[in-house]
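So this one's entry_6.pdb, PDB, C-alpha atoms:
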ATOM      1  CA  MET A   1      93.248  93.017 172.418
ATOM      2  CA  ARG A   2      92.485  89.336 171.980
ATOM      3  CA  ASP A   3      92.593  87.759 168.581
ATOM      4  CA  THR A   4      89.333  86.629 167.118
ATOM      5  CA  PRO A   5      89.144  82.889 167.666
ATOM      6  CA  ARG A   6      89.190  80.830 164.509
ATOM      7  CA  PRO A   7      86.966  77.812 164.084
ATOM      8  CA  GLN A   8      88.867  74.598 164.693
ATOM      9  CA  GLY A   9      88.309  71.421 162.736
ATOM     10  CA  THR A  10      87.673  68.102 164.326
ATOM     11  CA  VAL A  11      90.498  65.740 165.144
ATOM     12  CA  GLY A  12      89.620  63.355 162.308
ATOM     13  CA  ASP A  13      89.476  66.203 159.812
ATOM     14  CA  ALA A  14      92.984  67.462 160.310
ATOM     15  CA  ARG A  15      94.540  66.294 157.060
ATOM     16  CA  PRO A  16      96.599  68.849 155.137
ATOM     17  CA  GLY A  17      95.757  69.780 151.542
ATOM     18  CA  PRO A  18      93.673  72.183 149.491
ATOM     19  CA  PRO A  19      89.979  72.636 150.321
ATOM     20  CA  GLN A  20      87.658  70.244 148.510
ATOM     21  CA  LEU A  21      84.952  71.565 146.216
ATOM     22  CA  ARG A  22      81.391  71.074 147.307
ATOM     23  CA  PRO A  23      78.998  69.354 144.853
ATOM     24  CA  GLY A  24      76.930  71.614 142.646
ATOM     25  CA  ARG A  25      79.453  74.472 142.592
ATOM     26  CA  ALA A  26      81.358  75.507 139.460
ATOM     27  CA  LEU A  27      84.519  77.551 139.487
ATOM     28  CA  ALA A  28      85.960  79.348 136.496
ATOM     29  CA  HIS A  29      89.477  78.034 137.067
ATOM     30  CA  THR A  30      88.726  74.351 137.604
ATOM     31  CA  THR A  31      90.998  71.928 135.847
ATOM     32  CA  GLY A  32      89.308  70.325 132.861
ATOM     33  CA  ALA A  33      86.627  72.960 132.487
ATOM     34  CA  SER A  34      87.795  73.889 128.950
ATOM     35  CA  GLY A  35      91.462  73.807 129.765
ATOM     36  CA  SER A  36      93.360  74.218 133.001
ATOM     37  CA  GLY A  37      93.026  77.679 134.430
ATOM     38  CA  SER A  38      90.714  78.965 131.722
ATOM     39  CA  PRO A  39      88.831  82.008 133.023
ATOM     40  CA  HIS A  40      86.356  82.135 130.164
ATOM     41  CA  ARG A  41      83.943  79.328 131.018
ATOM     42  CA  SER A  42      82.742  77.885 134.316
ATOM     43  CA  ASP A  43      81.696  74.608 132.679
ATOM     44  CA  GLY A  44      83.122  72.291 130.099
ATOM     45  CA  ARG A  45      81.590  74.086 127.108
ATOM     46  CA  PRO A  46      83.918  75.759 124.624
ATOM     47  CA  PRO A  47      83.207  79.347 123.529
ATOM     48  CA  HIS A  48      80.897  80.015 120.599
ATOM     49  CA  THR A  49      83.798  81.100 118.377
ATOM     50  CA  PRO A  50      87.005  79.432 119.558
ATOM     51  CA  ARG A  51      90.243  81.124 118.613
ATOM     52  CA  GLY A  52      91.239  78.245 116.392
ATOM     53  CA  ALA A  53      88.050  78.574 114.368
ATOM     54  CA  ARG A  54      88.502  82.258 113.595
ATOM     55  CA  ARG A  55      89.564  83.012 110.090
ATOM     56  CA  SER A  56      92.894  84.753 109.902
ATOM     57  CA  GLY A  57      94.139  87.530 107.704
ATOM     58  CA  PRO A  58      96.671  87.028 104.902
ATOM     59  CA  PHE A  59      99.547  86.870 107.371
ATOM     60  CA  GLY A  60      98.013  84.336 109.751
ATOM     61  CA  ARG A  61      96.735  86.901 112.270
ATOM     62  CA  PRO A  62      93.161  86.593 113.572
ATOM     63  CA  GLY A  63      90.886  88.924 111.714
ATOM     64  CA  THR A  64      87.572  89.366 109.984
ATOM     65  CA  THR A  65      86.553  89.823 106.404
ATOM     66  CA  PRO A  66      86.196  93.365 105.064
ATOM     67  CA  PRO A  67      82.643  94.670 104.843
ATOM     68  CA  VAL A  68      80.856  94.171 101.576
ATOM     69  CA  PRO A  69      80.070  97.519  99.916
ATOM     70  CA  GLY A  70      76.442  98.416 100.378
ATOM     71  CA  ARG A  71      73.950  99.636  97.843
ATOM     72  CA  PRO A  72      74.736 103.385  98.206
ATOM     73  CA  THR A  73      78.413 102.738  97.370
ATOM     74  CA  PHE A  74      77.437 100.764  94.297
ATOM     75  CA  LEU A  75      74.557 102.956  93.139
ATOM     76  CA  LEU A  76      76.192 106.386  93.342
ATOM     77  CA  PRO A  77      78.693 105.935  90.458
ATOM     78  CA  LEU A  78      76.103 103.949  88.516
ATOM     79  CA  VAL A  79      73.560 106.779  88.770
ATOM     80  CA  CYS A  80      76.222 109.334  87.763
ATOM     81  CA  PHE A  81      77.167 107.216  84.758
ATOM     82  CA  ALA A  82      73.513 106.916  83.692
ATOM     83  CA  LEU A  83      72.992 110.683  84.065
ATOM     84  CA  ILE A  84      76.038 111.534  81.951
ATOM     85  CA  THR A  85      75.024 109.015  79.277
ATOM     86  CA  TRP A  86      71.528 110.503  79.133
ATOM     87  CA  GLN A  87      72.970 114.007  78.707
ATOM     88  CA  VAL A  88      75.267 112.853  75.897
ATOM     89  CA  VAL A  89      72.494 111.041  74.021
ATOM     90  CA  ALA A  90      69.978 113.884  74.501
ATOM     91  CA  ASP A  91      72.566 116.617  73.781
ATOM     92  CA  GLY A  92      71.667 118.247  77.083
ATOM     93  CA  PRO A  93      73.131 121.284  78.823
ATOM     94  CA  LEU A  94      76.014 119.260  80.276
ATOM     95  CA  VAL A  95      77.243 118.595  76.732
ATOM     96  CA  ARG A  96      77.460 122.303  75.922
ATOM     97  CA  LEU A  97      79.308 122.931  79.182
ATOM     98  CA  ASP A  98      81.560 120.000  78.350
ATOM     99  CA  GLU A  99      82.461 121.477  74.962
ATOM    100  CA  ARG A 100      83.373 124.845  76.457
ATOM    101  CA  LEU A 101      85.501 123.190  79.131
ATOM    102  CA  SER A 102      87.282 121.086  76.548
ATOM    103  CA  GLY A 103      88.110 124.139  74.459
ATOM    104  CA  ALA A 104      89.771 125.732  77.484
ATOM    105  CA  LEU A 105      91.766 122.614  78.420
ATOM    106  CA  ILE A 106      93.082 121.342  75.077
ATOM    107  CA  ARG A 107      96.811 122.036  74.808
ATOM    108  CA  PRO A 108      98.437 119.123  72.936
ATOM    109  CA  ASP A 109     102.006 118.372  73.985
ATOM    110  CA  ARG A 110     104.312 115.400  74.439
ATOM    111  CA  PHE A 111     103.636 115.089  78.158
ATOM    112  CA  SER A 112      99.888 114.797  77.672
ATOM    113  CA  GLU A 113     100.548 112.222  74.958
ATOM    114  CA  PHE A 114     102.658 110.220  77.420
ATOM    115  CA  LEU A 115      99.958 110.350  80.094
ATOM    116  CA  ALA A 116      97.278 109.256  77.647
ATOM    117  CA  ASP A 117      99.395 106.285  76.551
ATOM    118  CA  LEU A 118      99.390 104.943  80.115
ATOM    119  CA  GLY A 119      95.793 103.893  79.465
ATOM    120  CA  ASN A 120      96.718 101.694  76.495
ATOM    121  CA  VAL A 121      95.955  97.997  76.832
ATOM    122  CA  PRO A 122      99.601  96.931  76.210
ATOM    123  CA  VAL A 123     100.658  99.133  79.150
ATOM    124  CA  ALA A 124      97.903  98.721  81.757
ATOM    125  CA  VAL A 125      96.911  95.067  81.332
ATOM    126  CA  PRO A 126     100.431  93.638  81.940
ATOM    127  CA  VAL A 127     100.549  95.577  85.213
ATOM    128  CA  LEU A 128      97.315  93.878  86.277
ATOM    129  CA  ALA A 129      98.626  90.486  85.148
ATOM    130  CA  LEU A 130     101.791  90.857  87.253
ATOM    131  CA  ALA A 131      99.809  91.939  90.311
ATOM    132  CA  ALA A 132      97.321  89.101  89.875
ATOM    133  CA  GLY A 133     100.093  86.527  89.505
ATOM    134  CA  TYR A 134     101.906  87.776  92.593
ATOM    135  CA  ALA A 135      98.734  87.871  94.731
ATOM    136  CA  ALA A 136      97.710  84.381  93.604
ATOM    137  CA  TRP A 137     101.197  83.013  94.341
ATOM    138  CA  ARG A 138     101.238  84.526  97.829
ATOM    139  CA  ALA A 139      97.733  83.274  98.593
ATOM    140  CA  ARG A 140      98.503  79.747  97.401
ATOM    141  CA  ALA A 141     101.797  79.633  99.293
ATOM    142  CA  GLY A 142      99.950  80.686 102.447
ATOM    143  CA  GLY A 143      97.421  77.887 102.089
ATOM    144  CA  THR A 144      94.524  80.266 101.421
ATOM    145  CA  ASP A 145      91.229  78.706 100.453
ATOM    146  CA  ARG A 146      90.210  79.570  96.886
ATOM    147  CA  TRP A 147      93.468  81.438  96.370
ATOM    148  CA  TRP A 148      92.631  81.970  92.709
ATOM    149  CA  ARG A 149      89.342  83.845  93.300
ATOM    150  CA  PRO A 150      90.586  87.492  93.641
ATOM    151  CA  ALA A 151      92.875  87.234  90.593
ATOM    152  CA  ALA A 152      90.189  85.530  88.510
ATOM    153  CA  THR A 153      87.650  88.202  89.486
ATOM    154  CA  ALA A 154      90.039  90.955  88.401
ATOM    155  CA  ALA A 155      90.662  89.236  85.052
ATOM    156  CA  LEU A 156      86.929  88.841  84.467
ATOM    157  CA  LEU A 157      86.260  92.520  85.188
ATOM    158  CA  MET A 158      89.078  93.514  82.856
ATOM    159  CA  ALA A 159      87.461  91.455  80.101
ATOM    160  CA  LEU A 160      84.136  93.186  80.783
ATOM    161  CA  VAL A 161      85.583  96.621  79.955
ATOM    162  CA  PRO A 162      85.541  96.270  76.141
ATOM    163  CA  ALA A 163      82.308  94.273  76.338
ATOM    164  CA  ILE A 164      80.638  97.302  77.954
ATOM    165  CA  VAL A 165      82.496 100.204  76.344
ATOM    166  CA  VAL A 166      82.342  99.151  72.682
ATOM    167  CA  PRO A 167      78.521  98.805  72.494
ATOM    168  CA  LEU A 168      78.146 102.130  74.285
ATOM    169  CA  LYS A 169      80.406 103.813  71.746
ATOM    170  CA  VAL A 170      78.208 102.495  68.949
ATOM    171  CA  LEU A 171      74.956 103.473  70.657
ATOM    172  CA  THR A 172      75.949 107.008  71.678
ATOM    173  CA  ASP A 173      77.852 107.747  68.435
ATOM    174  CA  ARG A 174      79.445 110.863  69.889
ATOM    175  CA  PRO A 175      81.854 112.812  67.681
ATOM    176  CA  GLY A 176      85.374 113.661  68.811
ATOM    177  CA  THR A 177      86.945 116.983  69.714
ATOM    178  CA  PRO A 178      88.295 119.420  67.081
ATOM    179  CA  ALA A 179      91.814 118.131  67.897
ATOM    180  CA  VAL A 180      91.157 114.683  66.335
ATOM    181  CA  PRO A 181      90.093 113.681  62.824
ATOM    182  CA  PRO A 182      86.334 113.661  62.204
ATOM    183  CA  ALA A 183      84.891 110.429  63.571
ATOM    184  CA  THR A 184      82.346 109.124  66.060
ATOM    185  CA  GLY A 185      82.336 106.655  68.899
ATOM    186  CA  TYR A 186      84.275 108.591  71.523
ATOM    187  CA  TYR A 187      81.915 108.047  74.461
ATOM    188  CA  PRO A 188      82.874 106.646  76.920
ATOM    189  CA  SER A 189      86.671 106.680  77.045
ATOM    190  CA  GLY A 190      88.062 103.167  76.671
ATOM    191  CA  HIS A 191      91.552 104.240  77.746
ATOM    192  CA  THR A 192      90.195 105.700  80.980
ATOM    193  CA  ALA A 193      88.090 102.632  81.776
ATOM    194  CA  THR A 194      91.071 100.376  81.084
ATOM    195  CA  ALA A 195      93.295 102.420  83.399
ATOM    196  CA  VAL A 196      90.739 102.491  86.234
ATOM    197  CA  VAL A 197      90.062  98.744  86.186
ATOM    198  CA  ALA A 198      93.629  97.590  85.513
ATOM    199  CA  TYR A 199      95.423  99.837  88.018
ATOM    200  CA  GLY A 200      92.544  99.732  90.504
ATOM    201  CA  CYS A 201      92.291  95.944  90.558
ATOM    202  CA  ALA A 202      96.074  95.650  90.766
ATOM    203  CA  THR A 203      96.005  97.885  93.840
ATOM    204  CA  LEU A 204      93.194  95.903  95.464
ATOM    205  CA  LEU A 205      95.091  92.664  94.861
ATOM    206  CA  LEU A 206      98.340  93.935  96.374
ATOM    207  CA  LEU A 207      96.972  95.834  99.376
ATOM    208  CA  PRO A 208      96.357  92.772 101.614
ATOM    209  CA  TRP A 209      99.990  91.705 101.240
ATOM    210  CA  LEU A 210     101.528  94.985 102.357
ATOM    211  CA  ARG A 211     102.249  95.034 106.090
ATOM    212  CA  ARG A 212     103.003  98.722 106.602
ATOM    213  CA  ALA A 213     100.409 101.450 106.371
ATOM    214  CA  ALA A 214     102.925 103.724 104.652
ATOM    215  CA  ALA A 215     103.415 101.203 101.846
ATOM    216  CA  ARG A 216      99.664 100.861 101.392
ATOM    217  CA  GLY A 217      99.296 104.636 101.258
ATOM    218  CA  VAL A 218     102.004 104.919  98.613
ATOM    219  CA  LEU A 219     100.333 102.231  96.511
ATOM    220  CA  ILE A 220      96.929 103.921  96.693
ATOM    221  CA  ALA A 221      98.460 107.302  95.851
ATOM    222  CA  LEU A 222     100.292 105.797  92.872
ATOM    223  CA  CYS A 223      97.081 104.212  91.587
ATOM    224  CA  ALA A 224      95.180 107.498  91.929
ATOM    225  CA  ALA A 225      97.985 109.392  90.167
ATOM    226  CA  LEU A 226      97.944 106.954  87.235
ATOM    227  CA  VAL A 227      94.171 107.071  86.825
ATOM    228  CA  LEU A 228      93.978 110.852  87.125
ATOM    229  CA  GLY A 229      97.013 111.267  84.866
ATOM    230  CA  VAL A 230      95.469 109.187  82.097
ATOM    231  CA  GLY A 231      92.257 111.190  82.236
ATOM    232  CA  PHE A 232      94.081 114.507  82.241
ATOM    233  CA  GLY A 233      96.310 113.457  79.345
ATOM    234  CA  LEU A 234      93.334 112.383  77.220
ATOM    235  CA  VAL A 235      91.540 115.683  77.761
ATOM    236  CA  ARG A 236      94.674 117.830  77.443
ATOM    237  CA  ARG A 237      95.713 116.098  74.238
ATOM    238  CA  GLY A 238      92.191 116.425  72.840
ATOM    239  CA  TYR A 239      91.556 112.714  72.434
ATOM    240  CA  HIS A 240      88.386 112.860  74.546
ATOM    241  CA  TRP A 241      85.826 115.253  75.949
ATOM    242  CA  PRO A 242      85.880 115.699  79.744
ATOM    243  CA  LEU A 243      82.520 113.932  80.045
ATOM    244  CA  ASP A 244      83.949 110.899  78.251
ATOM    245  CA  VAL A 245      86.607 110.602  80.945
ATOM    246  CA  LEU A 246      84.234 111.335  83.814
ATOM    247  CA  ALA A 247      81.785 108.668  82.650
ATOM    248  CA  SER A 248      84.565 106.083  82.449
ATOM    249  CA  TRP A 249      85.663 106.965  85.970
ATOM    250  CA  CYS A 250      82.124 106.224  87.142
ATOM    251  CA  LEU A 251      82.005 102.975  85.167
ATOM    252  CA  GLY A 252      85.360 101.907  86.569
ATOM    253  CA  ALA A 253      84.196 102.694  90.113
ATOM    254  CA  VAL A 254      81.217 100.378  89.607
ATOM    255  CA  LEU A 255      83.468  97.548  88.424
ATOM    256  CA  LEU A 256      85.939  98.043  91.280
ATOM    257  CA  THR A 257      83.064  97.952  93.759
ATOM    258  CA  LEU A 258      82.004  94.644  92.240
ATOM    259  CA  HIS A 259      85.540  93.326  92.726
ATOM    260  CA  VAL A 260      85.616  94.344  96.392
ATOM    261  CA  GLY A 261      82.190  92.801  96.979
ATOM    262  CA  CYS A 262      83.012  89.499  95.285
ATOM    263  CA  VAL A 263      86.301  89.101  97.156
ATOM    264  CA  ALA A 264      84.787  90.101 100.516
ATOM    265  CA  ARG A 265      82.031  87.499 100.203
ATOM    266  CA  VAL A 266      84.606  84.725 100.121
ATOM    267  CA  GLY A 267      86.716  86.081 102.956
ATOM    268  CA  GLY A 268      89.054  88.642 101.416
ATOM    269  CA  GLY A 269      91.800  86.203 100.477
ATOM    270  CA  GLY A 270      89.491  83.472  99.258
ATOM    271  CA  HIS A 271      88.444  81.884 102.566
ATOM    272  CA  GLU A 272      85.145  80.100 102.823
ATOM    273  CA  ARG A 273      82.201  82.124 103.984
ATOM    274  CA  PRO A 274      81.479  81.942 107.731
ATOM    275  CA  LEU A 275      79.032  79.382 109.010
ATOM    276  CA  SER A 276      75.547  80.382 110.030
ATOM    277  CA  GLY A 277      74.741  80.978 113.679
ATOM    278  CA  SER A 278      73.108  77.593 114.202
ATOM    279  CA  SER A 279      75.906  75.717 112.426
ATOM    280  CA  ARG A 280      78.558  77.538 114.432
ATOM    281  CA  ARG A 281      76.938  76.608 117.730
ATOM    282  CA  THR A 282      76.598  72.990 116.678
ATOM    283  CA  SER A 283      80.186  72.686 115.481
ATOM    284  CA  ALA A 284      81.495  74.351 118.645
ATOM    285  CA  GLY A 285      79.796  71.716 120.732
ATOM    286  CA  THR A 286      77.603  74.128 122.693
ATOM    287  CA  PRO A 287      74.392  72.290 123.608
ATOM    288  CA  SER A 288      71.023  73.934 123.486
ATOM    289  CA  ARG A 289      69.100  74.812 126.607
ATOM    290  CA  ARG A 290      66.637  71.978 126.068
ATOM    291  CA  SER A 291      69.177  69.202 125.797
ATOM    292  CA  GLY A 292      71.501  70.418 128.527
ATOM    293  CA  PRO A 293      75.190  69.633 128.798
ATOM    294  CA  SER A 294      76.290  66.591 126.870
TER     295      SER A 294
END

Go ahead and render the structure in this file as C-alpha cells.
Amino acid sequence: MRDTPRPQGTVGDARPGPPQLRPGRALAHTTGASGSGSPHRSDGRPPHTPRGARRSGPFGRPGTTPPVPGRPTFLLPLVCFALITWQVVADGPLVRLDERLSGALIRPDRFSEFLADLGNVPVAVPVLALAAGYAAWRARAGGTDRWWRPAATAALLMALVPAIVVPLKVLTDRPGTPAVPPATGYYPSGHTATAVVAYGCATLLLLPWLRRAAARGVLIALCAALVLGVGFGLVRRGYHWPLDVLASWCLGAVLLTLHVGCVARVGGGGHERPLSGSSRRTSAGTPSRRSGPS
C-alpha cells in the first residue's frame, strides 16, 4: 500500500521551529497567560480565588472557616432551659419527678464530693486560663490575625456565668435537697455552669492546635467526662436537684454555641472575614463583561 501523501510546504516556508499561533486563538498552556504552562485559564486573567488569597488553617494549610451554628443549634438548649425554669417556678410536674429521682440518687460519699469539687471556680477557671494563654500564644506566634479574639471571647463568657446564674438563683428561690441545710437559691447549679463553660471553652480553644484526630477525640472525651462527672457528683452528694444540673447544662450549651459562632465569624483563629463577591472579583483583577480585558 502507498503511504498517504503529506502536504508539503513551499520552498520559502521551510524554516525549522515550532508552529506559530494564529491570531485570535487562545491556548490554555501559552506562556504568560497566568503563568507558564498554567492549565486553568486560557487568557491572562487570574482565578477568582487565587491560592495565595485563600485563608489557611492554624498550621498554614489552605482551608475554610468552620460553619457558624445556625438557629436550631442555638435555640434547642435555650428552649429546654426556658422550659425547665418555667417548671421550677410554677412547681410543675417535672419538679415532682425531679424530687423522686433525687431521692433515689442521693448517696453521699467521698468520691461524689471529689467530682462536685471539680466544678469549683478555683479548679475550673485556671484550666481555662491555661488553655486560653496557650491558644493565644500559638496564634500570635503563627501570625494569626486577631489572635486574641478566641481567648477573649472565652474569658467574657466565663464572666457571664455568675452574671446570669446569680440573678436566676434569686428569682427562682428554689430550696435545696434534704441532704443540705435548709436554704434557697439552688437553681440553676453554678458549679455545673462553671464546669461546662470553663472545660468546654478550654476544649474549643485547644482543638484547632491538635494535629491528630486521636488527640482531638481524647480531649473531647476528657471534657465530656469532666462535665458529666461534676453533674453526677452534685446530684449524688445531694448538693443539687437533677433539674438544677440539667438546666445548667442547657445554659452552658448556649454559651458554648455563642463562643463557636463568634470565633467562626472571624475565621476560626481570628482571621479577617472573607471579602464580598464583588470585592473579591475586583481585587483578583477579573474584569467585568462590560469593560473587557484590561

For this session: Excluding stretch 188-197 of chain A and any residue of its chain fewer than 5 positions from it, enumerate the residues within 9 Å of it, using only C-alpha atoms, and give them as a VMD selection string.
Result: chain A and resid 85 116 to 121 124 to 125 128 154 157 to 158 161 to 162 165 to 166 168 to 169 172 174 202 223 to 224 226 to 228 230 to 231 234 240 to 241 243 to 253 255 to 256

For the selection you just gave me, I'd like the residues written to a file as a PDB file, keeping the file's coordinate frame, keeping C-alpha atoms.
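Generated file (out-v6.pdb):
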ATOM      1  CA  THR A  85      75.024 109.015  79.277  1.00  0.00           C
ATOM      2  CA  ALA A 116      97.278 109.256  77.647  1.00  0.00           C
ATOM      3  CA  ASP A 117      99.395 106.285  76.551  1.00  0.00           C
ATOM      4  CA  LEU A 118      99.390 104.943  80.115  1.00  0.00           C
ATOM      5  CA  GLY A 119      95.793 103.893  79.465  1.00  0.00           C
ATOM      6  CA  ASN A 120      96.718 101.694  76.495  1.00  0.00           C
ATOM      7  CA  VAL A 121      95.955  97.997  76.832  1.00  0.00           C
ATOM      8  CA  ALA A 124      97.903  98.721  81.757  1.00  0.00           C
ATOM      9  CA  VAL A 125      96.911  95.067  81.332  1.00  0.00           C
ATOM     10  CA  LEU A 128      97.315  93.878  86.277  1.00  0.00           C
ATOM     11  CA  ALA A 154      90.039  90.955  88.401  1.00  0.00           C
ATOM     12  CA  LEU A 157      86.260  92.520  85.188  1.00  0.00           C
ATOM     13  CA  MET A 158      89.078  93.514  82.856  1.00  0.00           C
ATOM     14  CA  VAL A 161      85.583  96.621  79.955  1.00  0.00           C
ATOM     15  CA  PRO A 162      85.541  96.270  76.141  1.00  0.00           C
ATOM     16  CA  VAL A 165      82.496 100.204  76.344  1.00  0.00           C
ATOM     17  CA  VAL A 166      82.342  99.151  72.682  1.00  0.00           C
ATOM     18  CA  LEU A 168      78.146 102.130  74.285  1.00  0.00           C
ATOM     19  CA  LYS A 169      80.406 103.813  71.746  1.00  0.00           C
ATOM     20  CA  THR A 172      75.949 107.008  71.678  1.00  0.00           C
ATOM     21  CA  ARG A 174      79.445 110.863  69.889  1.00  0.00           C
ATOM     22  CA  ALA A 202      96.074  95.650  90.766  1.00  0.00           C
ATOM     23  CA  CYS A 223      97.081 104.212  91.587  1.00  0.00           C
ATOM     24  CA  ALA A 224      95.180 107.498  91.929  1.00  0.00           C
ATOM     25  CA  LEU A 226      97.944 106.954  87.235  1.00  0.00           C
ATOM     26  CA  VAL A 227      94.171 107.071  86.825  1.00  0.00           C
ATOM     27  CA  LEU A 228      93.978 110.852  87.125  1.00  0.00           C
ATOM     28  CA  VAL A 230      95.469 109.187  82.097  1.00  0.00           C
ATOM     29  CA  GLY A 231      92.257 111.190  82.236  1.00  0.00           C
ATOM     30  CA  LEU A 234      93.334 112.383  77.220  1.00  0.00           C
ATOM     31  CA  HIS A 240      88.386 112.860  74.546  1.00  0.00           C
ATOM     32  CA  TRP A 241      85.826 115.253  75.949  1.00  0.00           C
ATOM     33  CA  LEU A 243      82.520 113.932  80.045  1.00  0.00           C
ATOM     34  CA  ASP A 244      83.949 110.899  78.251  1.00  0.00           C
ATOM     35  CA  VAL A 245      86.607 110.602  80.945  1.00  0.00           C
ATOM     36  CA  LEU A 246      84.234 111.335  83.814  1.00  0.00           C
ATOM     37  CA  ALA A 247      81.785 108.668  82.650  1.00  0.00           C
ATOM     38  CA  SER A 248      84.565 106.083  82.449  1.00  0.00           C
ATOM     39  CA  TRP A 249      85.663 106.965  85.970  1.00  0.00           C
ATOM     40  CA  CYS A 250      82.124 106.224  87.142  1.00  0.00           C
ATOM     41  CA  LEU A 251      82.005 102.975  85.167  1.00  0.00           C
ATOM     42  CA  GLY A 252      85.360 101.907  86.569  1.00  0.00           C
ATOM     43  CA  ALA A 253      84.196 102.694  90.113  1.00  0.00           C
ATOM     44  CA  LEU A 255      83.468  97.548  88.424  1.00  0.00           C
ATOM     45  CA  LEU A 256      85.939  98.043  91.280  1.00  0.00           C
TER      46      LEU A 256
END

For this session: Considering all atoms listed in the file, return as an NGL selection string whatever protein or nucleic-acid residues lie within 8 Å of A:Phe74, sequence-local ones (same chain, fewer than 6 positions apart) excluded.
Result: :A and (254 or 257-258)

For this session: Could you check how far atom CA of A:Pro126 sits from atom CA of A:Ala225, in Å to one decimal?
Result: 17.9 Å

Seminar exercise, completed: Expressed in Å, the length from atom CA of A:Thr144 to atom CA of A:Val127 is 23.1 Å

Exercise. Between A:Leu76, A:Ala141, A:Leu101, A:Leu94, which one has atoms that come closest to A:Thr177, using only C-alpha atoms?
Worked result: A:Leu101

Exercise. Suppose you want the space between atom CA of A:Ala198 and atom CA of A:Trp86; what is it in Å?
Worked result: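 So the two atoms, atom CA of A:Ala198 and atom CA of A:Trp86, lie 26.4 Å apart.
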
Problem set entry | Which of A:Val79, A:Phe232, A:Ala90, A:Leu205 sits closest to A:Trp147 [using all atoms listed in the file] | A:Leu205

Exercise. Out of A:Tyr186, A:Asp173, A:Pro242, A:Tyr199, which residue has the shortest atom-to-atom distance to A:Ala155 when counting all atoms listed in the file?
Worked result: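 Answer, going by the shortest atom-to-atom distance: A:Tyr199.
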